[in-house]
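Visitor: Hey, dropping upload_7.csv in here, CSV, N, CA and C atoms:
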```
chain,number,residue,atom,x,y,z
A,1,MET,N,-14.9,-2.4,2.9
A,1,MET,CA,-16.3,-2.4,2.7
A,1,MET,C,-16.7,-3.3,1.6
A,2,ASN,N,-17.6,-4.2,1.8
A,2,ASN,CA,-18.0,-5.2,0.8
A,2,ASN,C,-19.5,-5.4,0.9
A,3,TYR,N,-20.1,-5.4,-0.3
A,3,TYR,CA,-21.6,-5.5,-0.4
A,3,TYR,C,-21.9,-6.6,-1.4
A,4,LYS,N,-23.1,-7.2,-1.2
A,4,LYS,CA,-23.7,-8.0,-2.2
A,4,LYS,C,-25.0,-7.3,-2.6
A,5,ILE,N,-25.1,-6.9,-3.8
A,5,ILE,CA,-26.3,-6.2,-4.3
A,5,ILE,C,-26.6,-6.7,-5.7
A,6,SER,N,-27.9,-6.4,-6.1
A,6,SER,CA,-28.3,-6.7,-7.4
A,6,SER,C,-27.6,-5.7,-8.3
A,7,LEU,N,-26.9,-6.2,-9.3
A,7,LEU,CA,-26.1,-5.3,-10.1
A,7,LEU,C,-26.0,-5.8,-11.6
A,8,ILE,N,-26.2,-5.0,-12.5
A,8,ILE,CA,-26.1,-5.3,-13.9
A,8,ILE,C,-27.0,-6.5,-14.2
A,9,ASN,N,-28.2,-6.2,-14.7
A,9,ASN,CA,-29.2,-7.2,-15.1
A,9,ASN,C,-29.6,-8.0,-14.0
A,10,GLY,N,-29.6,-7.5,-12.8
A,10,GLY,CA,-30.2,-8.2,-11.6
A,10,GLY,C,-29.2,-9.3,-11.1
A,11,GLU,N,-28.0,-9.4,-11.5
A,11,GLU,CA,-27.1,-10.5,-11.0
A,11,GLU,C,-26.5,-10.0,-9.7
A,12,SER,N,-26.4,-10.9,-8.7
A,12,SER,CA,-25.8,-10.6,-7.5
A,12,SER,C,-24.3,-10.7,-7.6
A,13,THR,N,-23.6,-9.6,-7.2
A,13,THR,CA,-22.2,-9.6,-7.4
A,13,THR,C,-21.5,-8.8,-6.2
A,14,SER,N,-20.2,-8.9,-6.1
A,14,SER,CA,-19.5,-8.2,-5.0
A,14,SER,C,-19.1,-6.8,-5.5
A,15,ILE,N,-19.2,-5.9,-4.6
A,15,ILE,CA,-18.8,-4.5,-4.9
A,15,ILE,C,-18.2,-3.9,-3.7
A,16,GLY,N,-17.1,-3.1,-3.8
A,16,GLY,CA,-16.5,-2.5,-2.7
A,16,GLY,C,-15.6,-1.4,-3.1
A,17,TRP,N,-15.2,-0.6,-2.1
A,17,TRP,CA,-14.3,0.5,-2.3
A,17,TRP,C,-12.9,0.1,-2.6
A,18,SER,N,-12.2,0.9,-3.5
A,18,SER,CA,-10.9,0.7,-3.9
A,18,SER,C,-10.2,2.0,-4.1
A,19,ALA,N,-9.1,2.3,-3.6
A,19,ALA,CA,-8.4,3.6,-3.8
A,19,ALA,C,-7.9,3.7,-5.3
A,20,ASP,N,-7.6,2.6,-5.9
A,20,ASP,CA,-7.0,2.6,-7.2
A,20,ASP,C,-7.7,1.8,-8.3
A,21,GLY,N,-8.9,1.3,-8.0
A,21,GLY,CA,-9.6,0.5,-9.0
A,21,GLY,C,-9.2,-1.0,-9.0
A,22,MET,N,-8.2,-1.3,-8.2
A,22,MET,CA,-7.8,-2.7,-8.2
A,22,MET,C,-8.3,-3.3,-6.8
A,23,GLY,N,-8.7,-4.5,-6.8
A,23,GLY,CA,-9.1,-5.1,-5.5
A,23,GLY,C,-9.7,-6.5,-5.8
A,24,ASN,N,-10.3,-7.0,-4.7
A,24,ASN,CA,-10.8,-8.4,-4.7
A,24,ASN,C,-12.3,-8.4,-5.0
A,25,TYR,N,-12.9,-7.3,-5.4
A,25,TYR,CA,-14.3,-7.3,-5.7
A,25,TYR,C,-14.5,-7.4,-7.3
A,26,GLU,N,-15.7,-7.8,-7.6
A,26,GLU,CA,-16.0,-7.9,-9.1
A,26,GLU,C,-16.1,-6.4,-9.6
A,27,TYR,N,-16.6,-5.5,-8.8
A,27,TYR,CA,-16.7,-4.1,-9.1
A,27,TYR,C,-15.9,-3.3,-8.0
A,28,ASN,N,-14.8,-2.7,-8.4
A,28,ASN,CA,-14.0,-2.0,-7.4
A,28,ASN,C,-14.3,-0.5,-7.6
A,29,VAL,N,-15.0,0.1,-6.6
A,29,VAL,CA,-15.5,1.4,-6.7
A,29,VAL,C,-14.5,2.5,-6.3
A,30,VAL,N,-14.3,3.5,-7.2
A,30,VAL,CA,-13.4,4.5,-6.9
A,30,VAL,C,-14.0,5.9,-6.6
A,31,ALA,N,-15.3,6.0,-6.9
A,31,ALA,CA,-16.0,7.3,-6.7
A,31,ALA,C,-17.5,7.1,-6.8
A,32,ILE,N,-18.3,7.9,-6.0
A,32,ILE,CA,-19.7,7.9,-6.1
A,32,ILE,C,-20.2,9.4,-6.2
A,33,TYR,N,-21.2,9.6,-7.0
A,33,TYR,CA,-21.8,10.9,-7.1
A,33,TYR,C,-23.3,10.8,-6.9
A,34,ASN,N,-23.9,11.5,-6.1
A,34,ASN,CA,-25.4,11.5,-5.8
A,34,ASN,C,-26.0,12.8,-6.0
A,35,TYR,N,-27.2,12.9,-6.6
A,35,TYR,CA,-28.0,14.1,-6.7
A,35,TYR,C,-29.4,13.8,-6.3
A,36,ASP,N,-29.9,14.5,-5.2
A,36,ASP,CA,-31.2,14.3,-4.8
A,36,ASP,C,-32.1,15.4,-5.4
A,37,GLY,N,-33.1,14.9,-6.2
A,37,GLY,CA,-34.0,15.8,-6.9
A,37,GLY,C,-35.0,16.5,-5.9
A,38,THR,N,-35.5,17.6,-6.4
A,38,THR,CA,-36.4,18.4,-5.5
A,38,THR,C,-37.8,18.5,-6.2
A,39,GLN,N,-37.9,18.0,-7.4
A,39,GLN,CA,-39.2,18.1,-8.1
A,39,GLN,C,-40.0,16.7,-7.9
A,40,PRO,N,-41.3,16.8,-7.7
A,40,PRO,CA,-42.1,15.6,-7.6
A,40,PRO,C,-42.0,14.8,-8.9
A,41,PRO,N,-42.2,13.5,-8.8
A,41,PRO,CA,-42.5,12.7,-7.6
A,41,PRO,C,-41.3,12.5,-6.7
A,42,LEU,N,-41.5,12.7,-5.4
A,42,LEU,CA,-40.4,12.5,-4.5
A,42,LEU,C,-40.6,11.2,-3.8
A,43,PRO,N,-39.6,10.5,-3.3
A,43,PRO,CA,-38.2,10.9,-3.5
A,43,PRO,C,-37.7,10.6,-4.9
A,44,ASN,N,-36.8,11.4,-5.3
A,44,ASN,CA,-36.1,11.0,-6.6
A,44,ASN,C,-34.6,11.4,-6.5
A,45,HIS,N,-33.8,10.6,-7.1
A,45,HIS,CA,-32.4,10.8,-7.1
A,45,HIS,C,-31.7,10.1,-8.3
A,46,ILE,N,-30.5,10.5,-8.5
A,46,ILE,CA,-29.7,9.8,-9.4
A,46,ILE,C,-28.3,9.6,-8.8
A,47,THR,N,-27.8,8.4,-8.7
A,47,THR,CA,-26.6,8.1,-8.1
A,47,THR,C,-25.7,7.4,-9.1
A,48,TYR,N,-24.5,7.9,-9.3
A,48,TYR,CA,-23.5,7.3,-10.2
A,48,TYR,C,-22.5,6.6,-9.4
A,49,VAL,N,-22.1,5.4,-9.7
A,49,VAL,CA,-21.0,4.7,-9.1
A,49,VAL,C,-20.0,4.4,-10.1
A,50,PHE,N,-18.8,4.9,-9.9
A,50,PHE,CA,-17.7,4.8,-10.9
A,50,PHE,C,-16.8,3.7,-10.4
A,51,ALA,N,-16.6,2.7,-11.2
A,51,ALA,CA,-15.9,1.5,-10.7
A,51,ALA,C,-15.1,0.9,-11.9
A,52,PHE,N,-14.3,-0.1,-11.5
A,52,PHE,CA,-13.6,-0.9,-12.5
A,52,PHE,C,-14.1,-2.4,-12.4
A,53,HIS,N,-14.4,-2.9,-13.5
A,53,HIS,CA,-14.8,-4.3,-13.6
A,53,HIS,C,-14.0,-5.0,-14.7
A,54,ASP,N,-13.3,-6.1,-14.3
A,54,ASP,CA,-12.3,-6.7,-15.2
A,54,ASP,C,-11.3,-5.7,-15.7
A,55,VAL,N,-10.8,-4.9,-14.9
A,55,VAL,CA,-9.8,-3.9,-15.1
A,55,VAL,C,-10.3,-2.8,-16.1
A,56,GLN,N,-11.6,-2.7,-16.4
A,56,GLN,CA,-12.1,-1.7,-17.3
A,56,GLN,C,-13.0,-0.8,-16.6
A,57,PRO,N,-13.0,0.5,-16.9
A,57,PRO,CA,-13.8,1.5,-16.2
A,57,PRO,C,-15.3,1.3,-16.6
A,58,VAL,N,-16.2,1.4,-15.6
A,58,VAL,CA,-17.6,1.3,-15.9
A,58,VAL,C,-18.3,2.3,-15.0
A,59,ALA,N,-19.3,3.0,-15.6
A,59,ALA,CA,-20.1,4.0,-14.9
A,59,ALA,C,-21.5,3.3,-14.7
A,60,LEU,N,-21.8,3.1,-13.4
A,60,LEU,CA,-23.1,2.5,-13.1
A,60,LEU,C,-24.0,3.6,-12.6
A,61,VAL,N,-25.3,3.3,-12.6
A,61,VAL,CA,-26.3,4.3,-12.2
A,61,VAL,C,-27.4,3.6,-11.4
A,62,ASP,N,-28.0,4.3,-10.4
A,62,ASP,CA,-29.1,3.9,-9.7
A,62,ASP,C,-30.1,5.0,-9.6
A,63,GLN,N,-31.4,4.8,-9.9
A,63,GLN,CA,-32.4,5.7,-9.8
A,63,GLN,C,-33.7,5.1,-9.1
A,64,SER,N,-33.4,4.0,-8.4
A,64,SER,CA,-34.5,3.3,-7.7
A,64,SER,C,-35.2,4.2,-6.7
A,65,ARG,N,-36.4,4.0,-6.5
A,65,ARG,CA,-37.2,4.8,-5.5
A,65,ARG,C,-37.5,4.1,-4.2
A,66,ASP,N,-37.5,2.8,-4.2
A,66,ASP,CA,-37.8,2.0,-3.1
A,66,ASP,C,-36.8,0.9,-2.9
A,67,GLY,N,-36.5,0.5,-1.7
A,67,GLY,CA,-35.6,-0.6,-1.4
A,67,GLY,C,-34.1,-0.2,-1.7
A,68,GLY,N,-33.3,-1.2,-1.8
A,68,GLY,CA,-31.9,-1.0,-2.0
A,68,GLY,C,-31.6,-0.6,-3.4
A,69,PRO,N,-30.3,-0.2,-3.6
A,69,PRO,CA,-29.9,0.2,-5.0
A,69,PRO,C,-30.1,-0.9,-6.0
A,70,ARG,N,-30.4,-0.5,-7.2
A,70,ARG,CA,-30.5,-1.4,-8.3
A,70,ARG,C,-29.6,-0.7,-9.4
A,71,LEU,N,-28.4,-1.1,-9.5
A,71,LEU,CA,-27.4,-0.5,-10.4
A,71,LEU,C,-27.4,-1.2,-11.7
A,72,THR,N,-27.3,-0.4,-12.7
A,72,THR,CA,-27.1,-0.8,-14.1
A,72,THR,C,-26.1,0.1,-14.8
A,73,GLU,N,-25.5,-0.4,-15.9
A,73,GLU,CA,-24.5,0.5,-16.6
A,73,GLU,C,-25.3,1.7,-17.1
A,74,THR,N,-24.8,2.9,-17.0
A,74,THR,CA,-25.5,4.0,-17.4
A,74,THR,C,-25.6,4.1,-19.0
A,75,GLN,N,-26.7,4.6,-19.5
A,75,GLN,CA,-26.8,4.8,-20.9
A,75,GLN,C,-26.4,6.2,-21.3
A,76,ASN,N,-26.0,7.0,-20.3
A,76,ASN,CA,-25.5,8.4,-20.6
A,76,ASN,C,-24.1,8.3,-21.2
A,77,ASN,N,-24.0,8.5,-22.5
A,77,ASN,CA,-22.7,8.4,-23.2
A,77,ASN,C,-21.7,9.4,-22.7
A,78,GLU,N,-22.2,10.6,-22.3
A,78,GLU,CA,-21.3,11.6,-21.8
A,78,GLU,C,-20.6,11.2,-20.5
A,79,VAL,N,-21.4,10.6,-19.6
A,79,VAL,CA,-20.8,10.2,-18.3
A,79,VAL,C,-19.9,9.0,-18.6
A,80,LYS,N,-20.3,8.1,-19.4
A,80,LYS,CA,-19.4,6.9,-19.7
A,80,LYS,C,-18.1,7.4,-20.3
A,81,SER,N,-18.1,8.2,-21.3
A,81,SER,CA,-16.9,8.6,-22.0
A,81,SER,C,-16.0,9.5,-21.1
A,82,ASN,N,-16.6,10.3,-20.3
A,82,ASN,CA,-15.8,11.2,-19.4
A,82,ASN,C,-15.1,10.3,-18.4
A,83,PHE,N,-15.8,9.3,-17.8
A,83,PHE,CA,-15.1,8.5,-16.8
A,83,PHE,C,-14.0,7.7,-17.5
A,84,ALA,N,-14.3,7.1,-18.7
A,84,ALA,CA,-13.2,6.4,-19.4
A,84,ALA,C,-12.0,7.2,-19.7
A,85,GLU,N,-12.2,8.5,-20.0
A,85,GLU,CA,-11.1,9.4,-20.3
A,85,GLU,C,-10.3,9.7,-19.0
A,86,ILE,N,-11.0,9.9,-17.9
A,86,ILE,CA,-10.4,10.1,-16.6
A,86,ILE,C,-9.6,8.9,-16.2
A,87,ALA,N,-10.1,7.7,-16.4
A,87,ALA,CA,-9.5,6.5,-16.0
A,87,ALA,C,-8.2,6.1,-16.8
A,88,GLU,N,-8.0,6.8,-17.9
A,88,GLU,CA,-6.8,6.4,-18.7
A,88,GLU,C,-5.6,6.8,-18.0
```
If you convert what's in this file into structure tokens, what do you get?
Guide:
Amino acid sequence: MNYKISLINGESTSIGWSADGMGNYEYNVVAIYNYDGTQPPLPNHITYVFAFHDVQPVALVDQSRDGGPRLTETQNNEVKSNFAEIAE
């Protein structure tokens, strides 16, 4: 699975699934978590994409409401540090 999407400061990059975080993509995705909110304004969601970029773990987040995903590195330090700990 290979996608071209706007990722990290709007740069177009390759992203795809990887069982072990190694692969031919710039971002090798190992897990995704999505939560669909129920409180207005709807639709609302938060999607975390856990990946490896340059062999380093990175937790990306998308909260876009319209169109395709717009991923950025999460500012949630708890999510970042927990993924880095799991990735060790």
Visitor: Would you kindly return, as a list of chain:residue names, each protein, DNA or RNA residue with an atom no farther than 6.5 Å from any atom of segment 33-39 of chain A, considering only N, CA and C atoms and excluding same-chain residues fewer than 4 positions away?
Guide: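 In the requested format, the answer is A:Pro43, A:Asn44, A:His45, A:Ile46, A:Thr47, A:Tyr48, A:Val49, A:Phe50.
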Visitor: I need the residue nearest Asn24 of chain A from this list: A:Glu11, A:Glu73, A:Glu85, A:Asp54. Use only C-alpha atoms for the distance.
Guide: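 Counting only C-alpha atoms, the residue closest to Asn24 of chain A is A:Asp54.
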Visitor: Could you tell me how far atom N of Gly68 of chain A sits from atom C of Gln56 of chain A, in Å to one decimal place?
Guide: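 Result for atom C of Gln56 of chain A versus atom N of Gly68 of chain A: 25.1 Å, one decimal.
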Visitor: Mind checking DSSP for chain A and telling me the strand (DSSP E) residues as a short mmCIF file (atom, residue, chain, number, x, y, z; two decimals) with N, CA and C atoms, keeping the file's coordinate frame?
Guide:
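Written output follows (out.cif):
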```cif
data_model
loop_
_atom_site.label_atom_id
_atom_site.label_comp_id
_atom_site.auth_asym_id
_atom_site.auth_seq_id
_atom_site.Cartn_x
_atom_site.Cartn_y
_atom_site.Cartn_z
N ASN A 2 -17.60 -4.20 1.80
CA ASN A 2 -18.00 -5.20 0.80
C ASN A 2 -19.50 -5.40 0.90
N TYR A 3 -20.10 -5.40 -0.30
CA TYR A 3 -21.60 -5.50 -0.40
C TYR A 3 -21.90 -6.60 -1.40
N LYS A 4 -23.10 -7.20 -1.20
CA LYS A 4 -23.70 -8.00 -2.20
C LYS A 4 -25.00 -7.30 -2.60
N ILE A 5 -25.10 -6.90 -3.80
CA ILE A 5 -26.30 -6.20 -4.30
C ILE A 5 -26.60 -6.70 -5.70
N SER A 6 -27.90 -6.40 -6.10
CA SER A 6 -28.30 -6.70 -7.40
C SER A 6 -27.60 -5.70 -8.30
N LEU A 7 -26.90 -6.20 -9.30
CA LEU A 7 -26.10 -5.30 -10.10
C LEU A 7 -26.00 -5.80 -11.60
N GLU A 11 -28.00 -9.40 -11.50
CA GLU A 11 -27.10 -10.50 -11.00
C GLU A 11 -26.50 -10.00 -9.70
N SER A 12 -26.40 -10.90 -8.70
CA SER A 12 -25.80 -10.60 -7.50
C SER A 12 -24.30 -10.70 -7.60
N THR A 13 -23.60 -9.60 -7.20
CA THR A 13 -22.20 -9.60 -7.40
C THR A 13 -21.50 -8.80 -6.20
N SER A 14 -20.20 -8.90 -6.10
CA SER A 14 -19.50 -8.20 -5.00
C SER A 14 -19.10 -6.80 -5.50
N ILE A 15 -19.20 -5.90 -4.60
CA ILE A 15 -18.80 -4.50 -4.90
C ILE A 15 -18.20 -3.90 -3.70
N GLY A 16 -17.10 -3.10 -3.80
CA GLY A 16 -16.50 -2.50 -2.70
C GLY A 16 -15.60 -1.40 -3.10
N TRP A 17 -15.20 -0.60 -2.10
CA TRP A 17 -14.30 0.50 -2.30
C TRP A 17 -12.90 0.10 -2.60
N TYR A 27 -16.60 -5.50 -8.80
CA TYR A 27 -16.70 -4.10 -9.10
C TYR A 27 -15.90 -3.30 -8.00
N ASN A 28 -14.80 -2.70 -8.40
CA ASN A 28 -14.00 -2.00 -7.40
C ASN A 28 -14.30 -0.50 -7.60
N VAL A 29 -15.00 0.10 -6.60
CA VAL A 29 -15.50 1.40 -6.70
C VAL A 29 -14.50 2.50 -6.30
N VAL A 30 -14.30 3.50 -7.20
CA VAL A 30 -13.40 4.50 -6.90
C VAL A 30 -14.00 5.90 -6.60
N ALA A 31 -15.30 6.00 -6.90
CA ALA A 31 -16.00 7.30 -6.70
C ALA A 31 -17.50 7.10 -6.80
N ILE A 32 -18.30 7.90 -6.00
CA ILE A 32 -19.70 7.90 -6.10
C ILE A 32 -20.20 9.40 -6.20
N TYR A 33 -21.20 9.60 -7.00
CA TYR A 33 -21.80 10.90 -7.10
C TYR A 33 -23.30 10.80 -6.90
N ASN A 34 -23.90 11.50 -6.10
CA ASN A 34 -25.40 11.50 -5.80
C ASN A 34 -26.00 12.80 -6.00
N TYR A 35 -27.20 12.90 -6.60
CA TYR A 35 -28.00 14.10 -6.70
C TYR A 35 -29.40 13.80 -6.30
N ASP A 36 -29.90 14.50 -5.20
CA ASP A 36 -31.20 14.30 -4.80
C ASP A 36 -32.10 15.40 -5.40
N HIS A 45 -33.80 10.60 -7.10
CA HIS A 45 -32.40 10.80 -7.10
C HIS A 45 -31.70 10.10 -8.30
N ILE A 46 -30.50 10.50 -8.50
CA ILE A 46 -29.70 9.80 -9.40
C ILE A 46 -28.30 9.60 -8.80
N THR A 47 -27.80 8.40 -8.70
CA THR A 47 -26.60 8.10 -8.10
C THR A 47 -25.70 7.40 -9.10
N TYR A 48 -24.50 7.90 -9.30
CA TYR A 48 -23.50 7.30 -10.20
C TYR A 48 -22.50 6.60 -9.40
N VAL A 49 -22.10 5.40 -9.70
CA VAL A 49 -21.00 4.70 -9.10
C VAL A 49 -20.00 4.40 -10.10
N PHE A 50 -18.80 4.90 -9.90
CA PHE A 50 -17.70 4.80 -10.90
C PHE A 50 -16.80 3.70 -10.40
N ALA A 51 -16.60 2.70 -11.20
CA ALA A 51 -15.90 1.50 -10.70
C ALA A 51 -15.10 0.90 -11.90
N PHE A 52 -14.30 -0.10 -11.50
CA PHE A 52 -13.60 -0.90 -12.50
C PHE A 52 -14.10 -2.40 -12.40
N HIS A 53 -14.40 -2.90 -13.50
CA HIS A 53 -14.80 -4.30 -13.60
C HIS A 53 -14.00 -5.00 -14.70
N GLN A 56 -11.60 -2.70 -16.40
CA GLN A 56 -12.10 -1.70 -17.30
C GLN A 56 -13.00 -0.80 -16.60
N PRO A 57 -13.00 0.50 -16.90
CA PRO A 57 -13.80 1.50 -16.20
C PRO A 57 -15.30 1.30 -16.60
N VAL A 58 -16.20 1.40 -15.60
CA VAL A 58 -17.60 1.30 -15.90
C VAL A 58 -18.30 2.30 -15.00
N ALA A 59 -19.30 3.00 -15.60
CA ALA A 59 -20.10 4.00 -14.90
C ALA A 59 -21.50 3.30 -14.70
N LEU A 60 -21.80 3.10 -13.40
CA LEU A 60 -23.10 2.50 -13.10
C LEU A 60 -24.00 3.60 -12.60
N VAL A 61 -25.30 3.30 -12.60
CA VAL A 61 -26.30 4.30 -12.20
C VAL A 61 -27.40 3.60 -11.40
N ASP A 62 -28.00 4.30 -10.40
CA ASP A 62 -29.10 3.90 -9.70
C ASP A 62 -30.10 5.00 -9.60
N THR A 72 -27.30 -0.40 -12.70
CA THR A 72 -27.10 -0.80 -14.10
C THR A 72 -26.10 0.10 -14.80
N GLU A 73 -25.50 -0.40 -15.90
CA GLU A 73 -24.50 0.50 -16.60
C GLU A 73 -25.30 1.70 -17.10
#
```
Visitor: Using only C-alpha atoms, which residue out of A:Leu42, A:Ile15, A:Ala87, A:Met22 lies closest to Leu71 of chain A?
Guide: A:Ile15
Visitor: Please compute the atom CA of Asn77 of chain A-atom C of Thr13 of chain A distance, one decimal, in Å.
Guide: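 These two atoms are separated by 24.2 Å.
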Visitor: What is the distance between atom C of Asn28 of chain A and atom CA of Ser64 of chain A, in Å to one decimal?
Guide: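 Distance reported for this atom pair: 20.6 Å.
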Visitor: Go through A:Val55, A:Ala31, A:Ile86, A:Val61 and flag the residue nearest Ile8 of chain A, using only C-alpha atoms for the distances.
Guide: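 Nearest to Ile8 of chain A: A:Val61.
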Visitor: Which residues, protein or nucleic acid, reach to within 6.5 Å of (-11.8, 3.5, -13.0) in the file's coordinates when using all atoms listed in the file, and can you give that as a VMD selection string?
Guide: chain A and resid 20 to 21 30 50 to 52 56 to 58 87
Visitor: Find the residue from A:Gly67, A:Ile32, A:Gly23, A:Ala59 that sits nearest to Lys80 of chain A; use all atoms listed in the file when measuring.
Guide: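 When distances to Lys80 of chain A are compared using all atoms listed in the file, the smallest one comes from A:Ala59.
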